[in-house]
Amino acid sequence: MFFEKHSDLLAAAVEANRTRTAWTGFAPITPPEATRAVELVGAYDGRTLEMSTQTASTITAEEISPYTGKALNVSYSAPSPEEALHAAAVAAPALRAASAEQRVGVCLEALSRIHARGTEFAAVTSHTTGQSLGMACSGSGTNALDRGLEGVAMAWAALRRIPESVTWQATFGKTAVTLRKRFRPRPLGAALVVACASFPAWNAYPAILVNLATGNPVLVKPHPCSVLATALAVGVLRDVLREAGLPADAVQLVVDTVEEPIAGRLATDPAIRIIDFTGSPAFGNWLEQNCRHALVFTETAGVNTVVLDSVHDLPATVRTLAGGLSLFSGQMCTTPQNIYIPDAGVRTDTGTVPREEVVAALRDALDELAAAPRRAAAVCGALQSESTPASLRVLAEEAERDGTLVRPPTAYEHPDHPGARVTTPMLIRLDPRRGDTLPAGEQFGPVAFLIDCADTAAAVAHATDSVRAHGAISSYLYCTDDDTVDEIADAYADAGASLSVDLVSSMPMQYAAAYSDYHVTGLNPAGNATLTDESFVAGRFRLVQDRRQVADREHSQVADREHSQVADREHSQVASR
């Protein structure tokens with residue numbers, strides 16, 4: 001029933017994946033007022049949510065709002081790894097036996113219901129991750145739902161390319177042999193999805209839904225300090241599964257604490273056949289090295305670079321860069337970190353601007369943001385973890401001692417939550433030629449390194465070496481010469497990195513469009529999985545076949561029957577469009 005209800009949406013998503021053009025399946029979500037958001041989150045205070053198989057154990061999550069400083073005080077049923085895996089195994093046969101239409105229909109209905117509760121989900125997301133309410137409605141709202149739908153549509157297309165049965169005939173010597181063959185997709189097995197603290201929905205939705213659509217029961221393990229939004233999504237899925245006549249334990253929430261993590265225990269259990277992980281490079285690399293029994297998909301982090309060669313409009317470029325550094329306080333995997341500025345400065349349509357002036361302009365743009373609290377709140381949000389301000393202070397003190405600090409991390413006065421954990425970006429200026437050491441990997445949070453370099457060629461060489469060593473998820477270039485752009489794009493492609501060029505608009509430079517942009521290449525150390533290409537889907541199921549020889553007199557009857565089945569299926573697909 002759910003499949004037919006959403007068939008038009010699915011068909012449009014399949015077409016969007018094919019054409020890679022701009023499209024969305026979901027209307028914008030209206031952000032709640034700040035006081036209303038606090039009320040929506042407060043409604044869960046003291047509650048225990050059961051989002052897994054029945055168990056006597058519960059955990060009160062370590063969730064503290066970065067805005068109010070108050071604990072959410074929500075508890076969750078906490079099955080042991082053994083209990084959760086047993087429940088997944090019990091649910092697996094029914095999920096496997098369900099048709100692709102039934103499983104995909106569940107995914108589509110769940111996306112629709114989450115969207116209908118978008119305001120509530122935004123409030124909860126904001127007060128667990130630190131995202132502004134606007135970002136929670138867009139990046140973790142409609143855009144995350146679109147990423148989920150993109151994955152479901154990709155899975156559906158992959159499954160539908162496989163014929164259910166065919167009649168095969170070949171001649172061996174003088175004898176014609178006719179076989180009737182059936183092809184059946186079979187899921188790989190239980191899947192583990194490990195979500196990150198700051199941006200869980202955007203990465204978790206595709207993984208959860210693609211696993212479910214291809215028949216794999218899913219254990220969802222959120223970060224222990226950012227649980228509630230993921231738990232609510234799991235709750236929606238469990239409700240829809242029940243209504244579809246499928247076991248709710250096909251999707252379960254498994255929770256843990258910082259002191260006693262369970263992701264490693266689950267990941268190394270042979271019963272787990274698929275792992276999707278978003279988070280730190282250290283644990284992502286550990287999973288890739290130690291979970292050979294499973295299909296492992298990782299998206300971790302890297303060093304995102306910006307090369308400033310030449311621009312048409314320097315003030316607009318600086319505003320774009322300042323916005324990119326500030327968006328969600330630098331807590332996005334696509335945030336630029338290392339900005340290369342040549343010795344000769346940056347060429348513009350009205351002449352070359354010296355490097356010192358470029359640095360000063362970027363610092364001034366960030367100061368202007370800090371001086372406009374309401375705008376800063378909408379752009380920066382809050383810092384998810386209380387450890388981030390501490391690490392920024394240490395970094396700022398070191399840079400000040402070294403004489404490399406251009407701008408310290410500067411707090412702004414949040415207009416709705418005076419005690420919020422907030423700051424605007426820090427700038428540090430380095431020159432590797434004089435022995436300055438760059439961070440060996442991502443520096444999480446709102447900080448950028450302005451790197452002096454001889455020229456654009458030296459900048460590109462250093463940046464692409466960084467990609468190979470540390471990985472990159474997004475890379476940026478500002479250059480007004482098309483031939484030079486093509487050469488640099490080739491250099492980044494050879495390093496396994498995607499490149500965005502001359503982004504100057506109201507679109508955030510980090511924005512990645514569902515159905516169009518491929519997120520993470522899988523060709524550098526920042527992760528091995530791409531949202532969403534066919535390899536993200538295809539490995540989650542395999543094909544089994546049976547074949548039987550058909551006597552000559554039966555051949556025409558079999559062929560007629562299969563032709564009729566194909567015609568009925570094609571008619572049904574056309575009607576669903």
# chains A, B, ... in the order shown; residues from 1 in each chain; ligands from 1
>>> residues_around(residues="Ala382 in chain A", least_positions_apart="3", cutoff="6 Å", atoms="only C-alpha atoms", output="list in words")
Gly130, Arg421 and Val422 of chain A
>>> select_by_dssp(residues="range 96-258 of chain A", states="alpha helix (DSSP H)", output="PyMOL selection string")
chain A and resi 96-97+100-116+118-129+133-137+143-160+200-213+228-243
>>> write_last_selection(atoms="C-alpha atoms", output="tab-separated table (two decimals), in the first residue's frame")
chain	number	residue	atom	x	y	z
A	96	ARG	CA	14.09	-10.93	3.18
A	97	ALA	CA	10.83	-12.55	2.07
A	100	ALA	CA	11.18	-4.99	-3.00
A	101	GLU	CA	8.00	-2.94	-3.40
A	102	GLN	CA	7.02	-3.59	0.19
A	103	ARG	CA	10.42	-2.67	1.63
A	104	VAL	CA	10.83	0.41	-0.56
A	105	GLY	CA	7.30	1.48	0.31
A	106	VAL	CA	8.21	1.38	4.01
A	107	CYS	CA	11.19	3.64	3.35
A	108	LEU	CA	9.13	6.14	1.36
A	109	GLU	CA	6.39	6.30	3.97
A	110	ALA	CA	8.93	6.82	6.75
A	111	LEU	CA	10.55	9.70	4.88
A	112	SER	CA	7.13	11.26	4.39
A	113	ARG	CA	6.27	11.00	8.10
A	114	ILE	CA	9.61	12.44	9.21
A	115	HIS	CA	9.04	15.35	6.86
A	116	ALA	CA	5.57	15.91	8.32
A	118	GLY	CA	9.99	18.40	10.38
A	119	THR	CA	9.60	21.21	12.90
A	120	GLU	CA	9.91	18.82	15.83
A	121	PHE	CA	12.88	17.04	14.28
A	122	ALA	CA	14.57	20.41	13.67
A	123	ALA	CA	14.17	21.43	17.30
A	124	VAL	CA	15.61	18.17	18.56
A	125	THR	CA	18.45	18.24	16.02
A	126	SER	CA	19.37	21.79	16.98
A	127	HIS	CA	19.50	21.07	20.70
A	128	THR	CA	21.61	17.92	20.31
A	129	THR	CA	24.00	18.88	17.51
A	133	LEU	CA	17.24	25.98	13.65
A	134	GLY	CA	17.46	27.05	10.01
A	135	MET	CA	20.21	24.53	9.24
A	136	ALA	CA	18.35	21.82	11.15
A	137	CYS	CA	15.36	22.43	8.84
A	143	ASN	CA	18.37	17.94	2.28
A	144	ALA	CA	18.89	14.92	4.52
A	145	LEU	CA	15.49	13.52	3.50
A	146	ASP	CA	16.43	14.03	-0.14
A	147	ARG	CA	19.69	12.16	0.45
A	148	GLY	CA	17.67	9.31	1.93
A	149	LEU	CA	15.24	9.31	-0.98
A	150	GLU	CA	18.16	9.45	-3.40
A	151	GLY	CA	19.52	6.23	-1.88
A	152	VAL	CA	16.13	4.49	-1.93
A	153	ALA	CA	15.65	5.41	-5.59
A	154	MET	CA	19.14	4.15	-6.40
A	155	ALA	CA	18.41	0.86	-4.64
A	156	TRP	CA	15.05	0.48	-6.39
A	157	ALA	CA	16.61	1.08	-9.80
A	158	ALA	CA	19.34	-1.49	-9.10
A	159	LEU	CA	16.82	-4.11	-7.99
A	160	ARG	CA	14.50	-3.51	-10.96
A	200	PRO	CA	23.78	12.45	11.97
A	201	ALA	CA	20.75	12.51	9.65
A	202	TRP	CA	22.50	13.55	6.44
A	203	ASN	CA	24.71	10.47	6.42
A	204	ALA	CA	22.58	8.03	8.41
A	205	TYR	CA	19.35	8.28	6.40
A	206	PRO	CA	20.86	6.96	3.14
A	207	ALA	CA	22.64	4.10	4.90
A	208	ILE	CA	19.66	3.03	7.00
A	209	LEU	CA	17.19	3.19	4.11
A	210	VAL	CA	19.38	1.55	1.46
A	211	ASN	CA	20.08	-1.33	3.83
A	212	LEU	CA	16.38	-1.70	4.60
A	213	ALA	CA	15.30	-1.43	0.94
A	228	LEU	CA	17.32	11.85	20.28
A	229	ALA	CA	16.87	12.94	16.65
A	230	THR	CA	18.16	9.58	15.39
A	231	ALA	CA	15.98	7.75	17.89
A	232	LEU	CA	12.87	9.53	16.66
A	233	ALA	CA	13.67	8.57	13.05
A	234	VAL	CA	14.15	4.93	14.11
A	235	GLY	CA	10.81	5.13	15.93
A	236	VAL	CA	9.07	6.27	12.75
A	237	LEU	CA	10.58	3.38	10.80
A	238	ARG	CA	9.54	0.85	13.42
A	239	ASP	CA	5.96	2.16	13.34
A	240	VAL	CA	5.80	1.91	9.55
A	241	LEU	CA	7.31	-1.58	9.55
A	242	ARG	CA	4.59	-2.79	11.92
A	243	GLU	CA	1.85	-1.25	9.78
>>> residues_around(residues="range 313-320 of chain A", least_positions_apart="5", cutoff="10 Å", atoms="only C-alpha atoms", output="number ranges by chain")
A: 308, 325-326, 346-350, 353, 358-359, 361-366, 369, 478, 502-509
>>> closest_residue(among="A:Val194, A:Ala538, A:Ile29, A:Val218", to="Pro261 in chain A", atoms="only C-alpha atoms")
A:Val194
>>> atom_distance(atom1="CA of Arg434 in chain A", atom2="CA of Gln337 in chain A")
20.0 Å
>>> residues_around(residues="range 170-176 of chain A", least_positions_apart="2", cutoff="12 Å", atoms="only C-alpha atoms", output="compact mmCIF listing (two decimals) with all heavy atoms, in the first residue's frame")
# COMPACT_ATOMS: atom_id res chain seq x y z
N THR A 167 13.88 -17.10 -20.21
CA THR A 167 14.07 -18.35 -20.92
C THR A 167 15.33 -18.23 -21.76
O THR A 167 15.46 -17.30 -22.56
CB THR A 167 12.87 -18.68 -21.81
OG1 THR A 167 11.71 -18.83 -21.00
CG2 THR A 167 13.11 -19.97 -22.60
N TRP A 168 16.26 -19.12 -21.55
CA TRP A 168 17.58 -19.07 -22.19
C TRP A 168 17.71 -20.26 -23.12
O TRP A 168 17.37 -21.39 -22.76
CB TRP A 168 18.64 -19.12 -21.10
CG TRP A 168 20.07 -19.06 -21.56
CD1 TRP A 168 20.84 -17.96 -21.73
CD2 TRP A 168 20.91 -20.19 -21.86
NE1 TRP A 168 22.11 -18.31 -22.12
CE2 TRP A 168 22.17 -19.68 -22.21
CE3 TRP A 168 20.70 -21.57 -21.87
CZ2 TRP A 168 23.24 -20.51 -22.57
CZ3 TRP A 168 21.76 -22.41 -22.24
CH2 TRP A 168 23.01 -21.87 -22.58
N THR A 178 17.16 -25.57 -23.89
CA THR A 178 16.36 -24.48 -23.34
C THR A 178 16.35 -24.59 -21.82
O THR A 178 16.03 -25.65 -21.27
CB THR A 178 14.92 -24.53 -23.87
OG1 THR A 178 14.95 -24.44 -25.30
CG2 THR A 178 14.11 -23.36 -23.31
N LEU A 179 16.72 -23.49 -21.17
CA LEU A 179 16.69 -23.43 -19.71
C LEU A 179 15.78 -22.31 -19.26
O LEU A 179 15.76 -21.23 -19.85
CB LEU A 179 18.10 -23.17 -19.14
CG LEU A 179 19.21 -24.17 -19.47
CD1 LEU A 179 20.51 -23.71 -18.82
CD2 LEU A 179 18.85 -25.57 -18.99
N ARG A 180 15.06 -22.57 -18.19
CA ARG A 180 14.32 -21.52 -17.54
C ARG A 180 15.12 -21.10 -16.30
O ARG A 180 15.43 -21.93 -15.44
CB ARG A 180 12.93 -21.99 -17.13
CG ARG A 180 12.09 -20.86 -16.52
CD ARG A 180 10.76 -21.34 -16.01
NE ARG A 180 10.00 -20.25 -15.43
CZ ARG A 180 8.87 -20.41 -14.73
NH1 ARG A 180 8.40 -21.63 -14.55
NH2 ARG A 180 8.23 -19.37 -14.24
N GLN A 549 16.05 -27.26 -16.96
CA GLN A 549 15.90 -27.49 -18.40
C GLN A 549 14.43 -27.68 -18.74
O GLN A 549 13.67 -28.31 -17.99
CB GLN A 549 16.71 -28.72 -18.83
CG GLN A 549 16.78 -28.87 -20.34
CD GLN A 549 17.93 -29.75 -20.78
OE1 GLN A 549 18.83 -30.04 -20.00
NE2 GLN A 549 17.89 -30.18 -22.03
N VAL A 550 14.06 -27.09 -19.87
CA VAL A 550 12.68 -27.13 -20.33
C VAL A 550 12.61 -27.99 -21.58
O VAL A 550 13.38 -27.80 -22.53
CB VAL A 550 12.17 -25.70 -20.63
CG1 VAL A 550 10.73 -25.76 -21.13
CG2 VAL A 550 12.26 -24.84 -19.38
N ALA A 551 11.69 -28.96 -21.56
CA ALA A 551 11.52 -29.80 -22.74
C ALA A 551 11.02 -28.96 -23.90
O ALA A 551 10.35 -27.95 -23.71
CB ALA A 551 10.54 -30.94 -22.44
N ASP A 552 11.32 -29.38 -25.13
CA ASP A 552 10.95 -28.60 -26.31
C ASP A 552 9.47 -28.28 -26.34
O ASP A 552 9.07 -27.16 -26.68
CB ASP A 552 11.33 -29.37 -27.59
CG ASP A 552 12.84 -29.41 -27.78
OD1 ASP A 552 13.53 -28.59 -27.13
OD2 ASP A 552 13.30 -30.25 -28.56
N HIS A 555 8.62 -25.37 -24.16
CA HIS A 555 9.32 -24.11 -24.37
C HIS A 555 8.38 -22.99 -24.78
O HIS A 555 8.42 -21.89 -24.23
CB HIS A 555 10.40 -24.30 -25.44
CG HIS A 555 11.00 -23.00 -25.89
ND1 HIS A 555 11.56 -22.10 -25.01
CD2 HIS A 555 11.10 -22.44 -27.13
CE1 HIS A 555 12.01 -21.06 -25.67
NE2 HIS A 555 11.73 -21.23 -26.96
>>> closest_residue(among="A:Leu543, A:Ala301, A:Ala87, A:Leu49", to="Pro187 in chain A", atoms="only C-alpha atoms")
A:Leu543
>>> closest_residue(among="A:Glu288, A:Asp482, A:Asp276, A:Glu368", to="Arg540 in chain A", atoms="only C-alpha atoms")
A:Asp276
>>> select_by_dssp(residues="range 181-279 of chain A", states="strand (DSSP E or B)", output="list in words")
Lys181, Arg182, Phe183, Arg184, Pro185, Arg186, Pro187, Ala190, Ala191, Leu192, Val193, Val194, Val218, Leu219, Val220, Lys221, His223, Ser226, Val251, Gln252, Leu253, Ile272, Arg273, Ile274, Ile275, Asp276, Phe277 and Thr278 of chain A
>>> closest_residue(among="A:Met1, A:Met51, A:Ala267, A:Cys380", to="Ala244 in chain A", atoms="only C-alpha atoms")
A:Met1
>>> residues_around(residues="Thr334 in chain A", least_positions_apart="6", cutoff="7 Å", atoms="only C-alpha atoms", output="short mmCIF file (atom, residue, chain, number, x, y, z; two decimals) with C-alpha atoms, in the first residue's frame")
data_model
loop_
_atom_site.label_atom_id
_atom_site.label_comp_id
_atom_site.auth_asym_id
_atom_site.auth_seq_id
_atom_site.Cartn_x
_atom_site.Cartn_y
_atom_site.Cartn_z
CA ASN A 304 39.71 20.73 2.68
CA ILE A 473 35.96 15.77 1.03
CA SER A 474 35.60 19.19 -0.61
CA GLN A 510 29.72 23.59 1.27
#
